[in-house]
Amino acid sequence: MSYTDTASTFPGSDAPSRQAPVAVDPDRITMAVILARMTEFFDFFVYAIASVLVFPYVFFSFADPLTATLYSFAVFSLAFIARPIGSLIFLQIDRKFGRAVKLTAALFTLCGSTMAISFLPSYSDVGVLAPVLLAVFRIGQGLGLGGAWDGLVSLLAMNAPEKQRGWYAMMPQIGAAMGFGLASAFFIIFVTQLSNPEFLAWGWRFPFFVALALNVLALFARLRMIVTPEFQAMLAQHELEPKPVFEMLRSQSRVVITGAFVPLASFALFHLVTVFPISWVVLHTQQRLSDFLFVQFISAIIGGGMIVVSGALADRIGRRKLLVIAASLIGVFSFIAPILMGSGDIGRYLFVLIGFSLLGLSFGQAGGALASRFSREYRYTGASLTSDISWLIGAGFAPLVALGFSSEFGLFAVGIYLLSGAVCTIVALFFSRKLDMPA
């Protein structure tokens, strides 16, 4: 794929020089992107699972289990509030010091915060300071995740063959399924092999340690990619440079608004099949936790397979049509989900199996839908901030809202939440037809 020549000035040159068009092999980018997303989502899911199994009993032990879990979910939401702030901060670092400095600082903020959580004392040791420190480092995770946007996803999207855009758009999303599967595997091992006192005392901390090693590995893979001549040439051609946010909004505000709502069906479902059902099983059923975690692990594999299917279908029928179909299926599922969740062990297994399948089908193209809507010069900044906003609206408060309302009014509240996400996606896709952007 070639690009129009653009004049650029290189260090040590007094006059602009012409840069040749650059072609980037998308397969070279894919592994770095998948590894990056896997580590980010591993951090994310380690915290998410611990927010149900650990934090209510370690940091909020002064409250009853339901209230403690709601407190834990409230702290869980802080990262989604901090994430767009992190994007703004690290975009400035990117503009002043370069992509490598920005990415290194962001990932060490992310994994440093994750590591710090593993060393935190409990409420019984230091009182209210314990949940306060948990909140501080959760905010640190959000700031770091917001800054971890490296442009590789956009680079992959821009260099995908025209007839395989859906296929390459789903590649980064595979990392999410891998991250959840790996996080689940760690907790399955520790929940089954340790007594509950041992698990709450020290066992839960080990997955947080692993996050550091994974993030360092991902950092080197990403740095190795972004310092390549091809990537730097793309920056010089003004394809992946960070733009001032207000400049981007003046030009692309309609794209930001519609783009933030397009993935809501996926993002609403995201936490309602991963985090929420664990909390419901722990608080409101006698179901064996290890069995349920294992079914979620298997479901994550199935969800990963459906992400791959979404890539093939998007190239065959179109991304917009696939997202409408997936959102419609999630809307139908919203009427069935409360029945399954309330119908015993088998029903809850079916809930996560079907939910992960629909999530993979929809989530596989959600990221591509965000990136594709922006003009090239604003794609890096626009896709980053729009993704942050979409996660905040669709997923940030999902566990808190779903558990709080379903515990008070019944499981039909879960169905309403899912249905609202599906409706938002369909409406946003309808309005996005008016935008002069590729779908």
# chains A, B, ... in the order shown; residues from 1 in each chain; ligands from 1
$ residues_around --residues "A:Val58" --least-positions-apart "4" --cutoff "7 Å" --atoms "only C-alpha atoms" --output "number ranges by chain"
A: 54, 122-123
$ residues_around --residues "A:Phe186" --least-positions-apart "6" --cutoff "12 Å" --atoms "only C-alpha atoms" --output "PDB file with N, CA and C atoms, in the first residue's frame"
ATOM      1  N   PHE A  42      -4.559  -8.487  30.535  1.00  0.00           N
ATOM      2  CA  PHE A  42      -4.197  -9.328  31.675  1.00  0.00           C
ATOM      3  C   PHE A  42      -4.189  -8.482  32.950  1.00  0.00           C
ATOM      4  N   PHE A  45      -7.863  -7.719  33.803  1.00  0.00           N
ATOM      5  CA  PHE A  45      -8.690  -8.804  34.320  1.00  0.00           C
ATOM      6  C   PHE A  45      -8.172  -9.351  35.648  1.00  0.00           C
ATOM      7  N   VAL A  46      -6.877  -9.294  35.880  1.00  0.00           N
ATOM      8  CA  VAL A  46      -6.371  -9.680  37.190  1.00  0.00           C
ATOM      9  C   VAL A  46      -7.012  -8.796  38.252  1.00  0.00           C
ATOM     10  N   ILE A  49     -11.019  -9.597  38.426  1.00  0.00           N
ATOM     11  CA  ILE A  49     -11.373 -10.814  39.169  1.00  0.00           C
ATOM     12  C   ILE A  49     -11.100 -10.640  40.658  1.00  0.00           C
ATOM     13  N   ALA A  50      -9.970  -9.992  40.973  1.00  0.00           N
ATOM     14  CA  ALA A  50      -9.646  -9.748  42.384  1.00  0.00           C
ATOM     15  C   ALA A  50     -10.646  -8.802  43.035  1.00  0.00           C
ATOM     16  N   GLY A 179      -5.804 -12.394  27.296  1.00  0.00           N
ATOM     17  CA  GLY A 179      -5.561 -11.792  28.607  1.00  0.00           C
ATOM     18  C   GLY A 179      -6.523 -12.298  29.657  1.00  0.00           C
ATOM     19  N   PHE A 180      -7.818 -12.406  29.294  1.00  0.00           N
ATOM     20  CA  PHE A 180      -8.795 -12.928  30.249  1.00  0.00           C
ATOM     21  C   PHE A 180      -8.531 -14.389  30.558  1.00  0.00           C
ATOM     22  N   THR A 192      -8.204 -23.243  43.670  1.00  0.00           N
ATOM     23  CA  THR A 192      -8.351 -24.684  43.879  1.00  0.00           C
ATOM     24  C   THR A 192      -7.237 -25.282  44.731  1.00  0.00           C
ATOM     25  N   GLN A 193      -6.043 -24.709  44.716  1.00  0.00           N
ATOM     26  CA  GLN A 193      -4.898 -25.314  45.394  1.00  0.00           C
ATOM     27  C   GLN A 193      -4.624 -24.739  46.780  1.00  0.00           C
ATOM     28  N   PHE A 199      -5.296 -18.074  50.366  1.00  0.00           N
ATOM     29  CA  PHE A 199      -5.549 -17.301  49.150  1.00  0.00           C
ATOM     30  C   PHE A 199      -5.685 -15.813  49.468  1.00  0.00           C
ATOM     31  N   GLY A 203      -1.985 -15.630  48.272  1.00  0.00           N
ATOM     32  CA  GLY A 203      -2.115 -16.259  46.967  1.00  0.00           C
ATOM     33  C   GLY A 203      -2.573 -15.306  45.875  1.00  0.00           C
ATOM     34  N   TRP A 204      -3.488 -14.396  46.208  1.00  0.00           N
ATOM     35  CA  TRP A 204      -4.025 -13.474  45.215  1.00  0.00           C
ATOM     36  C   TRP A 204      -2.973 -12.503  44.691  1.00  0.00           C
ATOM     37  N   ARG A 205      -1.896 -12.323  45.438  1.00  0.00           N
ATOM     38  CA  ARG A 205      -0.896 -11.325  45.054  1.00  0.00           C
ATOM     39  C   ARG A 205      -0.021 -11.783  43.882  1.00  0.00           C
ATOM     40  N   PHE A 206       0.113 -13.094  43.701  1.00  0.00           N
ATOM     41  CA  PHE A 206       1.042 -13.600  42.697  1.00  0.00           C
ATOM     42  C   PHE A 206       0.702 -13.146  41.277  1.00  0.00           C
ATOM     43  N   PRO A 207      -0.570 -13.211  40.819  1.00  0.00           N
ATOM     44  CA  PRO A 207      -0.863 -12.741  39.456  1.00  0.00           C
ATOM     45  C   PRO A 207      -0.480 -11.283  39.229  1.00  0.00           C
ATOM     46  N   PHE A 208      -0.541 -10.467  40.289  1.00  0.00           N
ATOM     47  CA  PHE A 208      -0.139  -9.066  40.142  1.00  0.00           C
ATOM     48  C   PHE A 208       1.375  -8.956  39.911  1.00  0.00           C
ATOM     49  N   PHE A 209       2.152  -9.866  40.513  1.00  0.00           N
ATOM     50  CA  PHE A 209       3.594  -9.881  40.257  1.00  0.00           C
ATOM     51  C   PHE A 209       3.885 -10.211  38.788  1.00  0.00           C
ATOM     52  N   VAL A 210       3.152 -11.170  38.265  1.00  0.00           N
ATOM     53  CA  VAL A 210       3.379 -11.624  36.889  1.00  0.00           C
ATOM     54  C   VAL A 210       3.166 -10.484  35.900  1.00  0.00           C
ATOM     55  N   ALA A 211       2.286  -9.552  36.240  1.00  0.00           N
ATOM     56  CA  ALA A 211       1.981  -8.444  35.339  1.00  0.00           C
ATOM     57  C   ALA A 211       3.235  -7.656  34.976  1.00  0.00           C
ATOM     58  N   SER A 290     -14.760 -22.544  41.605  1.00  0.00           N
ATOM     59  CA  SER A 290     -13.743 -23.082  40.696  1.00  0.00           C
ATOM     60  C   SER A 290     -14.379 -23.607  39.411  1.00  0.00           C
ATOM     61  N   LEU A 293     -15.362 -20.543  37.265  1.00  0.00           N
ATOM     62  CA  LEU A 293     -14.187 -19.931  36.657  1.00  0.00           C
ATOM     63  C   LEU A 293     -13.668 -20.762  35.491  1.00  0.00           C
ATOM     64  N   PHE A 294     -13.745 -22.083  35.636  1.00  0.00           N
ATOM     65  CA  PHE A 294     -13.274 -22.948  34.549  1.00  0.00           C
ATOM     66  C   PHE A 294     -14.173 -22.796  33.317  1.00  0.00           C
ATOM     67  N   PHE A 297     -13.231 -19.729  31.618  1.00  0.00           N
ATOM     68  CA  PHE A 297     -11.984 -19.928  30.876  1.00  0.00           C
ATOM     69  C   PHE A 297     -12.273 -20.564  29.512  1.00  0.00           C
TER      70      PHE A 297
END
$ residues_around --residues "stretch 244-246 of chain A" --least-positions-apart "6" --cutoff "12 Å" --atoms "only C-alpha atoms" --output "number ranges by chain"
A: 84-85, 87-96, 252-253, 256, 377-386
$ residues_around --residues "stretch 271-287 of chain A" --least-positions-apart "5" --cutoff "9 Å" --atoms "only C-alpha atoms" --output "PyMOL selection string"
chain A and resi 45+48-49+51-53+65-66+69+180+292-293+296+341+344-345+348+351-353+355-356+359+395-396+398-400+402-403+407+414+418
$ residues_around --residues "A:Trp391" --least-positions-apart "3" --cutoff "9 Å" --atoms "only C-alpha atoms" --output "list of chain:residue names"
A:Phe80, A:Ala260, A:Pro263, A:Leu264, A:Phe267, A:Ala268, A:Thr386, A:Ser387, A:Asp388, A:Gly394, A:Ala395, A:Gly396
$ write_last_selection --atoms "C-alpha atoms" --output "PDB file, in the first residue's frame"
ATOM      1  CA  PHE A  80     -12.162   4.290  33.485  1.00  0.00           C
ATOM      2  CA  ALA A 260     -18.107   6.572  21.306  1.00  0.00           C
ATOM      3  CA  PRO A 263     -19.143  -0.169  20.494  1.00  0.00           C
ATOM      4  CA  LEU A 264     -21.567   0.132  23.439  1.00  0.00           C
ATOM      5  CA  PHE A 267     -18.699  -2.887  26.013  1.00  0.00           C
ATOM      6  CA  ALA A 268     -21.941  -3.298  27.967  1.00  0.00           C
ATOM      7  CA  THR A 386     -12.939   7.976  21.591  1.00  0.00           C
ATOM      8  CA  SER A 387     -12.037   4.518  22.845  1.00  0.00           C
ATOM      9  CA  ASP A 388     -11.514   5.906  26.363  1.00  0.00           C
ATOM     10  CA  GLY A 394     -20.350   1.479  28.241  1.00  0.00           C
ATOM     11  CA  ALA A 395     -18.243  -0.538  30.641  1.00  0.00           C
ATOM     12  CA  GLY A 396     -16.767   1.544  33.438  1.00  0.00           C
TER      13      GLY A 396
END
$ closest_residue --among "A:Ile298, A:Leu429, A:Leu329, A:Val401" --to "A:Ser184" --atoms "only C-alpha atoms"
A:Ile298
$ closest_residue --among "A:Met31, A:Leu361, A:Ala218, A:Leu411" --to "A:Gly304" --atoms "only C-alpha atoms"
A:Leu361
$ atom_distance --atom1 "atom CA of A:Ala366" --atom2 "atom CA of A:Ala135"
29.0 Å
$ closest_residue --among "A:Gly342, A:Gly86, A:Gly415, A:Pro229" --to "A:Trp149" --atoms "only C-alpha atoms"
A:Gly86
$ atom_distance --atom1 "atom CA of A:Ser113" --atom2 "atom CA of A:Gln141"
5.7 Å
$ atom_distance --atom1 "atom CA of A:Tyr168" --atom2 "atom CA of A:Leu103"
22.7 Å
$ residues_around --residues "stretch 322-325 of chain A" --least-positions-apart "2" --cutoff "10 Å" --atoms "only C-alpha atoms" --output "JSON, numbers by chain"
{"A": [262, 263, 265, 266, 310, 311, 313, 314, 315, 316, 317, 318, 319, 320, 327, 328, 329, 330, 331, 361, 362, 363, 364, 365, 366, 369, 422, 423, 425, 426, 427, 429, 430]}
$ closest_residue --among "A:Ala63, A:Met115, A:Asn196, A:Ser72" --to "A:Pro131" --atoms "only C-alpha atoms"
A:Ser72
$ decode --residues "stretch 193-235 of chain A" --atoms "N, CA and C atoms" --output "short mmCIF file (atom, residue, chain, number, x, y, z; two decimals), in the first residue's frame"
data_model
loop_
_atom_site.label_atom_id
_atom_site.label_comp_id
_atom_site.auth_asym_id
_atom_site.auth_seq_id
_atom_site.Cartn_x
_atom_site.Cartn_y
_atom_site.Cartn_z
N GLN A 193 -6.04 -24.71 44.72
CA GLN A 193 -4.90 -25.31 45.39
C GLN A 193 -4.62 -24.74 46.78
N LEU A 194 -5.22 -23.60 47.11
CA LEU A 194 -4.98 -22.97 48.41
C LEU A 194 -6.26 -22.94 49.23
N SER A 195 -6.10 -22.94 50.52
CA SER A 195 -7.25 -22.71 51.39
C SER A 195 -7.65 -21.25 51.27
N ASN A 196 -8.88 -20.94 51.68
CA ASN A 196 -9.35 -19.56 51.56
C ASN A 196 -8.49 -18.58 52.36
N PRO A 197 -8.08 -18.90 53.60
CA PRO A 197 -7.18 -17.99 54.33
C PRO A 197 -5.84 -17.79 53.61
N GLU A 198 -5.28 -18.84 53.04
CA GLU A 198 -4.02 -18.71 52.31
C GLU A 198 -4.19 -17.85 51.06
N PHE A 199 -5.30 -18.07 50.37
CA PHE A 199 -5.55 -17.30 49.15
C PHE A 199 -5.69 -15.81 49.47
N LEU A 200 -6.45 -15.48 50.51
CA LEU A 200 -6.65 -14.08 50.87
C LEU A 200 -5.41 -13.45 51.50
N ALA A 201 -4.56 -14.26 52.11
CA ALA A 201 -3.36 -13.72 52.74
C ALA A 201 -2.26 -13.40 51.73
N TRP A 202 -2.02 -14.33 50.79
CA TRP A 202 -0.90 -14.10 49.87
C TRP A 202 -1.12 -14.64 48.45
N GLY A 203 -1.99 -15.63 48.27
CA GLY A 203 -2.12 -16.26 46.97
C GLY A 203 -2.57 -15.31 45.87
N TRP A 204 -3.49 -14.40 46.21
CA TRP A 204 -4.03 -13.47 45.21
C TRP A 204 -2.97 -12.50 44.69
N ARG A 205 -1.90 -12.32 45.44
CA ARG A 205 -0.90 -11.32 45.05
C ARG A 205 -0.02 -11.78 43.88
N PHE A 206 0.11 -13.09 43.70
CA PHE A 206 1.04 -13.60 42.70
C PHE A 206 0.70 -13.15 41.28
N PRO A 207 -0.57 -13.21 40.82
CA PRO A 207 -0.86 -12.74 39.46
C PRO A 207 -0.48 -11.28 39.23
N PHE A 208 -0.54 -10.47 40.29
CA PHE A 208 -0.14 -9.07 40.14
C PHE A 208 1.38 -8.96 39.91
N PHE A 209 2.15 -9.87 40.51
CA PHE A 209 3.59 -9.88 40.26
C PHE A 209 3.88 -10.21 38.79
N VAL A 210 3.15 -11.17 38.27
CA VAL A 210 3.38 -11.62 36.89
C VAL A 210 3.17 -10.48 35.90
N ALA A 211 2.29 -9.55 36.24
CA ALA A 211 1.98 -8.44 35.34
C ALA A 211 3.23 -7.66 34.98
N LEU A 212 4.17 -7.51 35.90
CA LEU A 212 5.39 -6.75 35.62
C LEU A 212 6.19 -7.41 34.51
N ALA A 213 6.41 -8.72 34.62
CA ALA A 213 7.20 -9.42 33.61
C ALA A 213 6.53 -9.35 32.24
N LEU A 214 5.21 -9.52 32.21
CA LEU A 214 4.50 -9.48 30.93
C LEU A 214 4.57 -8.09 30.31
N ASN A 215 4.45 -7.06 31.11
CA ASN A 215 4.48 -5.70 30.58
C ASN A 215 5.86 -5.32 30.06
N VAL A 216 6.90 -5.77 30.74
CA VAL A 216 8.25 -5.50 30.25
C VAL A 216 8.47 -6.18 28.90
N LEU A 217 8.00 -7.43 28.78
CA LEU A 217 8.11 -8.15 27.52
C LEU A 217 7.36 -7.42 26.41
N ALA A 218 6.15 -6.98 26.71
CA ALA A 218 5.35 -6.26 25.72
C ALA A 218 5.98 -4.92 25.36
N LEU A 219 6.58 -4.26 26.35
CA LEU A 219 7.21 -2.97 26.09
C LEU A 219 8.32 -3.10 25.07
N PHE A 220 9.18 -4.10 25.24
CA PHE A 220 10.28 -4.27 24.29
C PHE A 220 9.77 -4.63 22.90
N ALA A 221 8.71 -5.44 22.83
CA ALA A 221 8.14 -5.80 21.53
C ALA A 221 7.58 -4.58 20.82
N ARG A 222 6.94 -3.70 21.59
CA ARG A 222 6.35 -2.51 20.98
C ARG A 222 7.43 -1.48 20.63
N LEU A 223 8.40 -1.30 21.50
CA LEU A 223 9.48 -0.36 21.20
C LEU A 223 10.25 -0.80 19.96
N ARG A 224 10.46 -2.11 19.85
CA ARG A 224 11.16 -2.61 18.68
C ARG A 224 10.41 -2.28 17.40
N MET A 225 9.08 -2.22 17.51
CA MET A 225 8.27 -1.92 16.34
C MET A 225 8.24 -0.43 16.03
N ILE A 226 8.03 0.40 17.04
CA ILE A 226 7.79 1.82 16.78
C ILE A 226 9.05 2.59 16.42
N VAL A 227 10.23 2.01 16.66
CA VAL A 227 11.46 2.70 16.25
C VAL A 227 11.93 2.26 14.87
N THR A 228 11.15 1.43 14.18
CA THR A 228 11.54 0.99 12.85
C THR A 228 11.46 2.16 11.87
N PRO A 229 12.24 2.13 10.81
CA PRO A 229 12.18 3.21 9.81
C PRO A 229 10.78 3.39 9.22
N GLU A 230 10.04 2.26 9.03
CA GLU A 230 8.71 2.37 8.47
C GLU A 230 7.78 3.19 9.37
N PHE A 231 7.84 2.88 10.66
CA PHE A 231 6.96 3.59 11.60
C PHE A 231 7.34 5.06 11.67
N GLN A 232 8.63 5.36 11.73
CA GLN A 232 9.07 6.74 11.78
C GLN A 232 8.71 7.49 10.49
N ALA A 233 8.75 6.79 9.37
CA ALA A 233 8.37 7.41 8.11
C ALA A 233 6.89 7.75 8.11
N MET A 234 6.09 6.88 8.72
CA MET A 234 4.66 7.18 8.81
C MET A 234 4.41 8.43 9.64
N LEU A 235 5.18 8.58 10.73
CA LEU A 235 5.06 9.79 11.54
C LEU A 235 5.42 11.01 10.70
#
